[in-house]
Amino acid sequence: MDAVEPNSIFSQRHLLGIADLSPQEITYLLDMADNAVSVSRQLNKKKAVLQGRTQINLFFEASTRTQSSFELAGKRLGADVMNMSVASSSVKKGETLVDTAMTLNAMKPDLLVVRHGSAGAVELLAQKVGCSVINAGDGAHEHPTQALLDALTIRRHKGKFPGLTVAICGDILHSRVARSNILLLNAMGARVRVIAPSTLLPAGIEQLGVEVFNSMEKGLTDTDVVMMLRLQRERMAGALVPSVHEYFRFFGLDSQKLSFARPGALVMHPGPMNRGVEISTGVADGAQSVIEEQVEMGVAVRMAVIETLLRTNSGGGDA
Amino acid sequence: MPDTSNKGETNTRPLLIKGGHVVDPSQDIDGPASVLIQDGLIADISVGGNETGAPEDADLIDASGNHVFPGLIDARVYVGEPGAEHRETIASASQAAAAGGVTGFVMMPETDPVIDNVALVDFVRRAAADTAEVRVYPSATVTKGLHGTELTEFGLLQESGAVMLSEGKHTVSNNLILRRAMTYARDFDLTIALETNDPDLSSNGVMNEGLNATHLGLPGIPREAETIPLERDLRMAALTGAKYHAANVSTSDSASAISVYKKNGHAVTAGVSINHLSLNENDVGRYRTFFKLSPPLRAEDDRQAMIAALSDGTIDIIVSSHDPHDVDTKRHPFAEAAVGAIGLETMFAAALRLYHSGDISLSRIIECAAKRPAEIFGIKGGTLRKGAKADLFIADIELPWVVQENEIVSRSKNTPFEGSRFSGKVLKTLVAGRTIYTQKG
């Protein structure tokens, strides 16, 4: 893995979205991540290729799992990792996003990992800084490392993407995970379905190359992978969905609905789960669930992305 | 969806109804025919009255000189149960329906409490099963508590037997909520049936805006209070692809708007009450509160437009808008009196006036009061096709009679037709092959 020539296939400075990646680049990152899995499974998980490099996790939206996954990934690669959370940042004092970016830029980090509640905010920030930027989720736009870790999980179980049918179920409207996954899976040759009540589907979704279903039973028939999305409880108040009870009855994944999918179909969820809302405990913890494995793949994928970006952009003179 | 009708099929001897003139638009029958009923279902219908296939032990109803129609389905009936049983119970409404040839009705959800959850739909079904002679189809509100903010559980309500969603006499004022309601309803193929009335524009109005209201010194309700939200609803139906039913239209402009959306292929339908086909604002006379309706009775031009729209298919169904109120709430100064009139018993007779005057054919009346409501709300009925439920009525379409208060079956007596002379009366009504009403005398 150390021998991989970083610039031959992957030459981007940032990872802002799956939309910017070619199938070759996606495959490259997945191959790198596959190797990183074995590093993480060693007793000594340190692979100090990024010694002396600085990674700042800048999270404008609260996150536990994504932030800690990025932190762990950076640390396993030997980088110095600093977390900046919203509560202690200058944003609360009225500083603009661009000002924050400039301030951080002056500290000469090598990598910024950014999550922000507004779509496009990470890209705006990337334009203003000299280092690499990873989008850890911007509004309902993209969450590229989530799509990569989902893809890695699928590939390790199913081998390849062509011929696979993947159903993404639930709140597609508000989901950056759904958008990044649709882009990635389509690019890699899988067939993608979305299943949701029409109130939770964005306009023109069918033009993204997905089949649209409003019924779990119909949509799950003959699928190889079932990806559930989190339903925020505040969606009830906005008249998007009448109640948790009704949502679970029609769109929650339970064993009865899962039985429409192919035998051995994978059950995935980006977390955190609402048990009894979009997924039953029996299915979440069942034999077909790879939800915990997704978390493990998350660290590996982020190691692969961080290492690739920092090798490509050796700010000081590494590599 | 479960069969929400409460009347089980009965195992009885076969019954032959012979000699009558059958009008069944679902099969293009309009002539002599005999109907054979067995086990609560139509076993056979033979045009020309040649009933050679009838079993010898069959009971016989001689309908010679009379007409036989599929039972009417009234898609807009207010009942006082739960919450105002002194006005009307499900049972008393059912008896009134039977007297009017109505063998099934959609019960409006604007009760107290409003029907906005599964338990209440279940209550209606059980009460109907226990007490009603005709088939009662529950509906449910679009928003919880009629507050216009949160959706009810459309899918679960449908599973429990609600055949449509309605806000009663209320309009969904918030455009975003309406859009989401229609979008969500489309997934379940549920029809949203709304009466449109802009509460701000109507303000404190109590009758049609115009010279009559001015003479009477009463605040008026402009036609635009109906048409503006109706046009909004129609646009939203086009945007969402939802099945939308304009439940209770009254103006010429409403008919024009609906016609445009129908021509453009949208899934919109419309209903008009028998009152707005029969009466106009002049009938209010000197503050007669039984003529205070929602929407208000309009001008004669509007009434004519309603008849024309019903004839040309712009309007799909006739409803009674049966809305019982006790005398106490009607015996007030006009502005303070309750809104609404009963109509189950007189809908058919009043509709026959349009037939006798040559405005609308008999078969179109039956189509609009039986076949189409069944189709729009996914109800099995409105037909005498072989295998269908034996819900029908026999009428003498010429028999003269006068509406008299002491003969009204409904628990409330607020009919705008009291003292009216009609030609044509229901003689006998059957549900599941069983006679549930026979005209006295």
# chains A, B, ... in the order shown; residues from 1 in each chain; ligands from 1
$ residues_around --residues "Leu16 (chain B)" --least-positions-apart "4" --cutoff "7 Å" --atoms "only C-alpha atoms" --output "number ranges by chain"
B: 35-37, 58-61
$ write_last_selection --atoms "C-alpha atoms" --output "PDB file, in the first residue's frame"
ATOM      1  CA  VAL B  35     -83.924  -8.590 -11.178  1.00  0.00           C
ATOM      2  CA  LEU B  36     -83.266 -11.854  -9.370  1.00  0.00           C
ATOM      3  CA  ILE B  37     -81.752 -11.667  -5.913  1.00  0.00           C
ATOM      4  CA  ALA B  58     -88.700 -17.339  -5.513  1.00  0.00           C
ATOM      5  CA  ASP B  59     -90.519 -14.628  -3.635  1.00  0.00           C
ATOM      6  CA  LEU B  60     -91.976 -12.060  -5.927  1.00  0.00           C
ATOM      7  CA  ILE B  61     -92.139  -8.283  -5.955  1.00  0.00           C
TER       8      ILE B  61
END
$ residues_around --residues "region 149-166 of chain A" --least-positions-apart "2" --cutoff "7 Å" --atoms "only C-alpha atoms" --output "list in words"
Leu30, Thr145, Gln146, Ala147, Ile168, Met188, Gly189, Ala190, Arg191, Val192, Arg193, Thr223, Asp224, Val225, Val226, Gln294, Met297, Gly298 and Val301 of chain A
$ write_last_selection --atoms "N, CA, C and O atoms" --output "tab-separated table (two decimals), in the first residue's frame"
chain	number	residue	atom	x	y	z
A	30	LEU	N	-11.68	2.77	-2.51
A	30	LEU	CA	-12.18	1.55	-1.87
A	30	LEU	C	-11.05	0.54	-1.69
A	30	LEU	O	-10.98	-0.15	-0.66
A	145	THR	N	-17.95	10.49	2.41
A	145	THR	CA	-17.30	9.36	3.09
A	145	THR	C	-18.31	8.32	3.57
A	145	THR	O	-18.01	7.14	3.66
A	146	GLN	N	-19.55	8.78	3.84
A	146	GLN	CA	-20.60	7.81	4.21
A	146	GLN	C	-20.90	6.91	3.01
A	146	GLN	O	-21.02	5.69	3.16
A	147	ALA	N	-21.02	7.50	1.83
A	147	ALA	CA	-21.31	6.69	0.64
A	147	ALA	C	-20.16	5.72	0.36
A	147	ALA	O	-20.39	4.57	-0.02
A	168	ILE	N	-32.83	2.37	-1.21
A	168	ILE	CA	-32.59	3.38	-0.17
A	168	ILE	C	-33.96	3.85	0.30
A	168	ILE	O	-34.79	4.29	-0.49
A	188	MET	N	-21.10	3.23	-10.13
A	188	MET	CA	-20.44	1.93	-10.08
A	188	MET	C	-21.27	0.83	-10.73
A	188	MET	O	-20.90	-0.34	-10.71
A	189	GLY	N	-22.45	1.20	-11.27
A	189	GLY	CA	-23.20	0.23	-12.07
A	189	GLY	C	-24.26	-0.55	-11.33
A	189	GLY	O	-24.81	-1.51	-11.88
A	190	ALA	N	-24.57	-0.17	-10.09
A	190	ALA	CA	-25.67	-0.84	-9.39
A	190	ALA	C	-27.00	-0.21	-9.81
A	190	ALA	O	-27.03	0.90	-10.31
A	191	ARG	N	-28.08	-0.96	-9.61
A	191	ARG	CA	-29.42	-0.39	-9.82
A	191	ARG	C	-29.91	0.16	-8.49
A	191	ARG	O	-29.83	-0.51	-7.47
A	192	VAL	N	-30.40	1.38	-8.52
A	192	VAL	CA	-30.79	2.03	-7.28
A	192	VAL	C	-32.29	2.30	-7.27
A	192	VAL	O	-32.86	2.77	-8.25
A	193	ARG	N	-32.90	1.97	-6.15
A	193	ARG	CA	-34.30	2.30	-5.93
A	193	ARG	C	-34.40	3.21	-4.72
A	193	ARG	O	-33.59	3.09	-3.80
A	223	THR	N	-34.39	-7.08	-3.97
A	223	THR	CA	-33.23	-6.22	-3.72
A	223	THR	C	-32.14	-7.00	-2.99
A	223	THR	O	-32.41	-7.94	-2.25
A	224	ASP	N	-30.88	-6.56	-3.22
A	224	ASP	CA	-29.73	-7.19	-2.58
A	224	ASP	C	-29.27	-6.44	-1.35
A	224	ASP	O	-28.60	-7.00	-0.49
A	225	VAL	N	-29.59	-5.14	-1.33
A	225	VAL	CA	-29.16	-4.30	-0.22
A	225	VAL	C	-30.31	-3.38	0.16
A	225	VAL	O	-30.96	-2.80	-0.71
A	226	VAL	N	-30.57	-3.27	1.48
A	226	VAL	CA	-31.62	-2.38	1.96
A	226	VAL	C	-30.97	-1.35	2.87
A	226	VAL	O	-30.44	-1.67	3.93
A	294	GLN	N	-20.56	-1.27	9.21
A	294	GLN	CA	-20.46	0.02	8.54
A	294	GLN	C	-19.60	0.99	9.36
A	294	GLN	O	-18.82	1.76	8.81
A	297	MET	N	-16.00	0.11	8.82
A	297	MET	CA	-15.58	0.53	7.49
A	297	MET	C	-15.42	2.04	7.41
A	297	MET	O	-14.64	2.56	6.62
A	298	GLY	N	-16.17	2.74	8.27
A	298	GLY	CA	-16.09	4.20	8.28
A	298	GLY	C	-14.68	4.67	8.60
A	298	GLY	O	-14.15	5.57	7.94
A	301	VAL	N	-12.34	3.82	5.58
A	301	VAL	CA	-12.55	4.70	4.43
A	301	VAL	C	-11.96	6.07	4.69
A	301	VAL	O	-11.32	6.68	3.83
$ closest_residue --among "B:Glu405, B:Asp24, B:Glu150, B:Glu81" --to "chain A" --atoms "only C-alpha atoms"
B:Glu150
$ closest_residue --among "B:Val118, B:Cys368, B:Ala247, B:Leu344" --to "chain A" --atoms "only C-alpha atoms"
B:Val118
$ select_by_dssp --residues "region 56-97 of chain B" --states "helix (DSSP H, G or I)" --output "PDB file with N, CA, C and O atoms, in the first residue's frame"
ATOM      1  N   ILE B  90     -76.585   7.714  13.955  1.00  0.00           N
ATOM      2  CA  ILE B  90     -76.299   6.919  12.766  1.00  0.00           C
ATOM      3  C   ILE B  90     -77.542   6.110  12.405  1.00  0.00           C
ATOM      4  O   ILE B  90     -77.901   5.977  11.236  1.00  0.00           O
ATOM      5  N   ALA B  91     -78.239   5.627  13.429  1.00  0.00           N
ATOM      6  CA  ALA B  91     -79.453   4.842  13.176  1.00  0.00           C
ATOM      7  C   ALA B  91     -80.547   5.684  12.534  1.00  0.00           C
ATOM      8  O   ALA B  91     -81.180   5.272  11.554  1.00  0.00           O
ATOM      9  N   SER B  92     -80.786   6.899  13.069  1.00  0.00           N
ATOM     10  CA  SER B  92     -81.884   7.704  12.520  1.00  0.00           C
ATOM     11  C   SER B  92     -81.536   8.209  11.121  1.00  0.00           C
ATOM     12  O   SER B  92     -82.403   8.300  10.247  1.00  0.00           O
ATOM     13  N   ALA B  93     -80.278   8.512  10.901  1.00  0.00           N
ATOM     14  CA  ALA B  93     -79.859   8.913   9.554  1.00  0.00           C
ATOM     15  C   ALA B  93     -80.070   7.764   8.582  1.00  0.00           C
ATOM     16  O   ALA B  93     -80.484   7.950   7.432  1.00  0.00           O
ATOM     17  N   SER B  94     -79.789   6.565   9.068  1.00  0.00           N
ATOM     18  CA  SER B  94     -79.951   5.384   8.227  1.00  0.00           C
ATOM     19  C   SER B  94     -81.413   5.173   7.838  1.00  0.00           C
ATOM     20  O   SER B  94     -81.735   4.815   6.701  1.00  0.00           O
ATOM     21  N   GLN B  95     -82.305   5.437   8.783  1.00  0.00           N
ATOM     22  CA  GLN B  95     -83.741   5.297   8.470  1.00  0.00           C
ATOM     23  C   GLN B  95     -84.188   6.362   7.469  1.00  0.00           C
ATOM     24  O   GLN B  95     -84.972   6.088   6.557  1.00  0.00           O
ATOM     25  N   ALA B  96     -83.672   7.564   7.649  1.00  0.00           N
ATOM     26  CA  ALA B  96     -83.995   8.629   6.700  1.00  0.00           C
ATOM     27  C   ALA B  96     -83.466   8.269   5.312  1.00  0.00           C
ATOM     28  O   ALA B  96     -84.133   8.482   4.298  1.00  0.00           O
ATOM     29  N   ALA B  97     -82.268   7.698   5.293  1.00  0.00           N
ATOM     30  CA  ALA B  97     -81.671   7.294   4.020  1.00  0.00           C
ATOM     31  C   ALA B  97     -82.552   6.262   3.322  1.00  0.00           C
ATOM     32  O   ALA B  97     -82.866   6.384   2.132  1.00  0.00           O
TER      33      ALA B  97
END
$ interface_residues --of "chain A" --to "chain B" --cutoff "10 Å" --atoms "only C-alpha atoms" --output "PDB file with all heavy atoms, in the first residue's frame"
ATOM      1  N   ALA A 196     -40.101   5.660  -0.391  1.00  0.00           N
ATOM      2  CA  ALA A 196     -40.485   6.661   0.608  1.00  0.00           C
ATOM      3  C   ALA A 196     -41.902   7.119   0.329  1.00  0.00           C
ATOM      4  O   ALA A 196     -42.391   6.982  -0.790  1.00  0.00           O
ATOM      5  CB  ALA A 196     -39.535   7.856   0.548  1.00  0.00           C
ATOM      6  N   PRO A 197     -42.552   7.697   1.342  1.00  0.00           N
ATOM      7  CA  PRO A 197     -43.780   8.423   1.023  1.00  0.00           C
ATOM      8  C   PRO A 197     -43.411   9.620   0.146  1.00  0.00           C
ATOM      9  O   PRO A 197     -42.316  10.174   0.291  1.00  0.00           O
ATOM     10  CB  PRO A 197     -44.301   8.875   2.395  1.00  0.00           C
ATOM     11  CG  PRO A 197     -43.128   8.827   3.308  1.00  0.00           C
ATOM     12  CD  PRO A 197     -42.215   7.767   2.778  1.00  0.00           C
ATOM     13  N   SER A 198     -44.304  10.003  -0.744  1.00  0.00           N
ATOM     14  CA  SER A 198     -43.970  11.070  -1.696  1.00  0.00           C
ATOM     15  C   SER A 198     -43.612  12.379  -1.010  1.00  0.00           C
ATOM     16  O   SER A 198     -42.900  13.196  -1.580  1.00  0.00           O
ATOM     17  CB  SER A 198     -45.133  11.293  -2.659  1.00  0.00           C
ATOM     18  OG  SER A 198     -45.329  10.145  -3.449  1.00  0.00           O
ATOM     19  N   THR A 199     -44.116  12.566   0.213  1.00  0.00           N
ATOM     20  CA  THR A 199     -43.783  13.786   0.945  1.00  0.00           C
ATOM     21  C   THR A 199     -42.305  13.843   1.326  1.00  0.00           C
ATOM     22  O   THR A 199     -41.795  14.900   1.656  1.00  0.00           O
ATOM     23  CB  THR A 199     -44.610  13.879   2.243  1.00  0.00           C
ATOM     24  OG1 THR A 199     -44.646  12.594   2.856  1.00  0.00           O
ATOM     25  CG2 THR A 199     -46.029  14.343   1.955  1.00  0.00           C
ATOM     26  N   LEU A 200     -41.622  12.703   1.314  1.00  0.00           N
ATOM     27  CA  LEU A 200     -40.208  12.677   1.693  1.00  0.00           C
ATOM     28  C   LEU A 200     -39.309  12.429   0.483  1.00  0.00           C
ATOM     29  O   LEU A 200     -38.180  11.966   0.621  1.00  0.00           O
ATOM     30  CB  LEU A 200     -39.967  11.610   2.773  1.00  0.00           C
ATOM     31  CG  LEU A 200     -40.664  11.872   4.114  1.00  0.00           C
ATOM     32  CD1 LEU A 200     -40.373  10.743   5.099  1.00  0.00           C
ATOM     33  CD2 LEU A 200     -40.227  13.205   4.714  1.00  0.00           C
ATOM     34  N   PHE A 213     -40.387   4.144  -5.545  1.00  0.00           N
ATOM     35  CA  PHE A 213     -41.488   3.336  -5.012  1.00  0.00           C
ATOM     36  C   PHE A 213     -42.087   4.031  -3.792  1.00  0.00           C
ATOM     37  O   PHE A 213     -41.362   4.659  -3.031  1.00  0.00           O
ATOM     38  CB  PHE A 213     -40.998   1.948  -4.589  1.00  0.00           C
ATOM     39  CG  PHE A 213     -40.544   1.078  -5.729  1.00  0.00           C
ATOM     40  CD1 PHE A 213     -39.241   1.166  -6.197  1.00  0.00           C
ATOM     41  CD2 PHE A 213     -41.421   0.187  -6.335  1.00  0.00           C
ATOM     42  CE1 PHE A 213     -38.822   0.372  -7.251  1.00  0.00           C
ATOM     43  CE2 PHE A 213     -41.006  -0.611  -7.385  1.00  0.00           C
ATOM     44  CZ  PHE A 213     -39.700  -0.525  -7.846  1.00  0.00           C
ATOM     45  N   ASN A 214     -43.390   3.880  -3.606  1.00  0.00           N
ATOM     46  CA  ASN A 214     -44.042   4.381  -2.410  1.00  0.00           C
ATOM     47  C   ASN A 214     -44.475   3.239  -1.498  1.00  0.00           C
ATOM     48  O   ASN A 214     -45.166   3.461  -0.508  1.00  0.00           O
ATOM     49  CB  ASN A 214     -45.269   5.231  -2.769  1.00  0.00           C
ATOM     50  CG  ASN A 214     -44.920   6.394  -3.682  1.00  0.00           C
ATOM     51  OD1 ASN A 214     -45.467   6.531  -4.768  1.00  0.00           O
ATOM     52  ND2 ASN A 214     -43.986   7.221  -3.257  1.00  0.00           N
ATOM     53  N   SER A 215     -44.091   2.025  -1.850  1.00  0.00           N
ATOM     54  CA  SER A 215     -44.469   0.865  -1.051  1.00  0.00           C
ATOM     55  C   SER A 215     -43.227   0.032  -0.777  1.00  0.00           C
ATOM     56  O   SER A 215     -42.482  -0.305  -1.694  1.00  0.00           O
ATOM     57  CB  SER A 215     -45.512   0.042  -1.811  1.00  0.00           C
ATOM     58  OG  SER A 215     -45.356  -1.338  -1.535  1.00  0.00           O
ATOM     59  N   MET A 236     -42.755  15.051  11.806  1.00  0.00           N
ATOM     60  CA  MET A 236     -44.178  14.875  12.107  1.00  0.00           C
ATOM     61  C   MET A 236     -44.873  16.237  12.186  1.00  0.00           C
ATOM     62  O   MET A 236     -45.978  16.416  11.712  1.00  0.00           O
ATOM     63  CB  MET A 236     -44.386  14.166  13.455  1.00  0.00           C
ATOM     64  CG  MET A 236     -43.543  12.948  13.676  1.00  0.00           C
ATOM     65  SD  MET A 236     -43.883  11.637  12.518  1.00  0.00           S
ATOM     66  CE  MET A 236     -42.361  10.723  12.630  1.00  0.00           C
ATOM     67  N   ALA A 237     -44.188  17.179  12.820  1.00  0.00           N
ATOM     68  CA  ALA A 237     -44.805  18.490  13.027  1.00  0.00           C
ATOM     69  C   ALA A 237     -45.029  19.200  11.700  1.00  0.00           C
ATOM     70  O   ALA A 237     -45.963  19.968  11.551  1.00  0.00           O
ATOM     71  CB  ALA A 237     -43.929  19.326  13.943  1.00  0.00           C
ATOM     72  N   GLY A 238     -44.182  18.954  10.738  1.00  0.00           N
ATOM     73  CA  GLY A 238     -44.300  19.644   9.467  1.00  0.00           C
ATOM     74  C   GLY A 238     -45.273  19.013   8.496  1.00  0.00           C
ATOM     75  O   GLY A 238     -45.288  19.357   7.331  1.00  0.00           O
ATOM     76  N   ALA A 239     -46.080  18.074   8.970  1.00  0.00           N
ATOM     77  CA  ALA A 239     -47.094  17.424   8.131  1.00  0.00           C
ATOM     78  C   ALA A 239     -46.477  16.630   6.986  1.00  0.00           C
ATOM     79  O   ALA A 239     -47.118  16.388   5.975  1.00  0.00           O
ATOM     80  CB  ALA A 239     -48.108  18.433   7.589  1.00  0.00           C
ATOM     81  N   LEU A 240     -45.211  16.225   7.138  1.00  0.00           N
ATOM     82  CA  LEU A 240     -44.607  15.376   6.114  1.00  0.00           C
ATOM     83  C   LEU A 240     -45.036  13.927   6.312  1.00  0.00           C
ATOM     84  O   LEU A 240     -45.180  13.167   5.365  1.00  0.00           O
ATOM     85  CB  LEU A 240     -43.082  15.485   6.178  1.00  0.00           C
ATOM     86  CG  LEU A 240     -42.534  16.806   5.632  1.00  0.00           C
ATOM     87  CD1 LEU A 240     -41.108  17.030   6.085  1.00  0.00           C
ATOM     88  CD2 LEU A 240     -42.620  16.833   4.117  1.00  0.00           C
ATOM     89  N   VAL A 241     -45.208  13.564   7.566  1.00  0.00           N
ATOM     90  CA  VAL A 241     -45.609  12.210   7.949  1.00  0.00           C
ATOM     91  C   VAL A 241     -46.568  12.375   9.130  1.00  0.00           C
ATOM     92  O   VAL A 241     -46.320  13.197  10.003  1.00  0.00           O
ATOM     93  CB  VAL A 241     -44.366  11.389   8.380  1.00  0.00           C
ATOM     94  CG1 VAL A 241     -44.777  10.062   8.938  1.00  0.00           C
ATOM     95  CG2 VAL A 241     -43.399  11.215   7.229  1.00  0.00           C
ATOM     96  N   PRO A 242     -47.675  11.616   9.136  1.00  0.00           N
ATOM     97  CA  PRO A 242     -48.649  11.837  10.210  1.00  0.00           C
ATOM     98  C   PRO A 242     -48.160  11.441  11.599  1.00  0.00           C
ATOM     99  O   PRO A 242     -48.380  12.169  12.552  1.00  0.00           O
ATOM    100  CB  PRO A 242     -49.837  10.956   9.815  1.00  0.00           C
ATOM    101  CG  PRO A 242     -49.634  10.592   8.401  1.00  0.00           C
ATOM    102  CD  PRO A 242     -48.170  10.663   8.138  1.00  0.00           C
ATOM    103  N   SER A 243     -47.506  10.294  11.716  1.00  0.00           N
ATOM    104  CA  SER A 243     -47.128   9.830  13.042  1.00  0.00           C
ATOM    105  C   SER A 243     -46.057   8.758  12.928  1.00  0.00           C
ATOM    106  O   SER A 243     -45.896   8.131  11.892  1.00  0.00           O
ATOM    107  CB  SER A 243     -48.341   9.231  13.774  1.00  0.00           C
ATOM    108  OG  SER A 243     -48.740   8.029  13.131  1.00  0.00           O
ATOM    109  N   VAL A 244     -45.345   8.575  14.032  1.00  0.00           N
ATOM    110  CA  VAL A 244     -44.354   7.504  14.101  1.00  0.00           C
ATOM    111  C   VAL A 244     -45.022   6.154  13.876  1.00  0.00           C
ATOM    112  O   VAL A 244     -44.504   5.292  13.163  1.00  0.00           O
ATOM    113  CB  VAL A 244     -43.653   7.533  15.473  1.00  0.00           C
ATOM    114  CG1 VAL A 244     -42.875   6.254  15.711  1.00  0.00           C
ATOM    115  CG2 VAL A 244     -42.743   8.742  15.574  1.00  0.00           C
ATOM    116  N   HIS A 245     -46.187   5.996  14.461  1.00  0.00           N
ATOM    117  CA  HIS A 245     -46.935   4.743  14.359  1.00  0.00           C
ATOM    118  C   HIS A 245     -47.218   4.396  12.893  1.00  0.00           C
ATOM    119  O   HIS A 245     -46.947   3.297  12.418  1.00  0.00           O
ATOM    120  CB  HIS A 245     -48.241   4.904  15.145  1.00  0.00           C
ATOM    121  CG  HIS A 245     -49.120   3.700  15.142  1.00  0.00           C
ATOM    122  ND1 HIS A 245     -50.473   3.780  15.319  1.00  0.00           N
ATOM    123  CD2 HIS A 245     -48.843   2.395  14.961  1.00  0.00           C
ATOM    124  CE1 HIS A 245     -50.996   2.569  15.263  1.00  0.00           C
ATOM    125  NE2 HIS A 245     -50.024   1.709  15.045  1.00  0.00           N
ATOM    126  N   GLU A 246     -47.768   5.384  12.163  1.00  0.00           N
ATOM    127  CA  GLU A 246     -48.093   5.134  10.762  1.00  0.00           C
ATOM    128  C   GLU A 246     -46.821   4.934   9.925  1.00  0.00           C
ATOM    129  O   GLU A 246     -46.774   4.089   9.042  1.00  0.00           O
ATOM    130  CB  GLU A 246     -48.927   6.280  10.193  1.00  0.00           C
ATOM    131  CG  GLU A 246     -49.058   6.205   8.679  1.00  0.00           C
ATOM    132  CD  GLU A 246     -50.411   6.606   8.149  1.00  0.00           C
ATOM    133  OE1 GLU A 246     -51.425   6.353   8.814  1.00  0.00           O
ATOM    134  OE2 GLU A 246     -50.446   7.173   7.043  1.00  0.00           O
ATOM    135  N   TYR A 247     -45.783   5.720  10.240  1.00  0.00           N
ATOM    136  CA  TYR A 247     -44.544   5.609   9.466  1.00  0.00           C
ATOM    137  C   TYR A 247     -43.962   4.205   9.622  1.00  0.00           C
ATOM    138  O   TYR A 247     -43.576   3.561   8.649  1.00  0.00           O
ATOM    139  CB  TYR A 247     -43.533   6.659   9.923  1.00  0.00           C
ATOM    140  CG  TYR A 247     -42.305   6.692   9.046  1.00  0.00           C
ATOM    141  CD1 TYR A 247     -42.325   7.372   7.828  1.00  0.00           C
ATOM    142  CD2 TYR A 247     -41.132   6.034   9.412  1.00  0.00           C
ATOM    143  CE1 TYR A 247     -41.215   7.392   7.005  1.00  0.00           C
ATOM    144  CE2 TYR A 247     -40.018   6.052   8.596  1.00  0.00           C
ATOM    145  CZ  TYR A 247     -40.062   6.733   7.397  1.00  0.00           C
ATOM    146  OH  TYR A 247     -38.957   6.744   6.578  1.00  0.00           O
ATOM    147  N   ARG A 249     -45.517   1.507  10.417  1.00  0.00           N
ATOM    148  CA  ARG A 249     -46.412   0.524   9.789  1.00  0.00           C
ATOM    149  C   ARG A 249     -46.141   0.404   8.285  1.00  0.00           C
ATOM    150  O   ARG A 249     -46.105  -0.680   7.734  1.00  0.00           O
ATOM    151  CB  ARG A 249     -47.861   0.912  10.049  1.00  0.00           C
ATOM    152  CG  ARG A 249     -48.922   0.258   9.173  1.00  0.00           C
ATOM    153  CD  ARG A 249     -49.053  -1.237   9.402  1.00  0.00           C
ATOM    154  NE  ARG A 249     -49.982  -1.816   8.460  1.00  0.00           N
ATOM    155  CZ  ARG A 249     -49.694  -2.047   7.166  1.00  0.00           C
ATOM    156  NH1 ARG A 249     -48.492  -1.778   6.702  1.00  0.00           N
ATOM    157  NH2 ARG A 249     -50.594  -2.552   6.366  1.00  0.00           N
ATOM    158  N   PHE A 250     -45.937   1.536   7.623  1.00  0.00           N
ATOM    159  CA  PHE A 250     -45.814   1.502   6.175  1.00  0.00           C
ATOM    160  C   PHE A 250     -44.361   1.562   5.677  1.00  0.00           C
ATOM    161  O   PHE A 250     -44.055   1.046   4.617  1.00  0.00           O
ATOM    162  CB  PHE A 250     -46.628   2.634   5.533  1.00  0.00           C
ATOM    163  CG  PHE A 250     -48.116   2.437   5.694  1.00  0.00           C
ATOM    164  CD1 PHE A 250     -48.822   3.105   6.680  1.00  0.00           C
ATOM    165  CD2 PHE A 250     -48.797   1.551   4.876  1.00  0.00           C
ATOM    166  CE1 PHE A 250     -50.188   2.903   6.845  1.00  0.00           C
ATOM    167  CE2 PHE A 250     -50.159   1.341   5.023  1.00  0.00           C
ATOM    168  CZ  PHE A 250     -50.860   2.021   6.017  1.00  0.00           C
TER     169      PHE A 250
END
$ closest_residue --among "A:Leu77, A:Glu25, A:Met216, A:Met102" --to "Leu125 (chain A)" --atoms "only C-alpha atoms"
A:Met102
$ closest_residue --among "B:Pro219, B:Gly83, B:Gly433, B:Pro14" --to "Leu392 (chain B)" --atoms "only C-alpha atoms"
B:Gly433
$ atom_distance --atom1 "CA of Ala267 (chain B)" --atom2 "CA of His245 (chain B)"
8.5 Å
$ closest_residue --among "A:Ala126, A:Leu173, A:Leu29, A:Leu111" --to "Asn313 (chain A)" --atoms "only C-alpha atoms"
A:Leu111
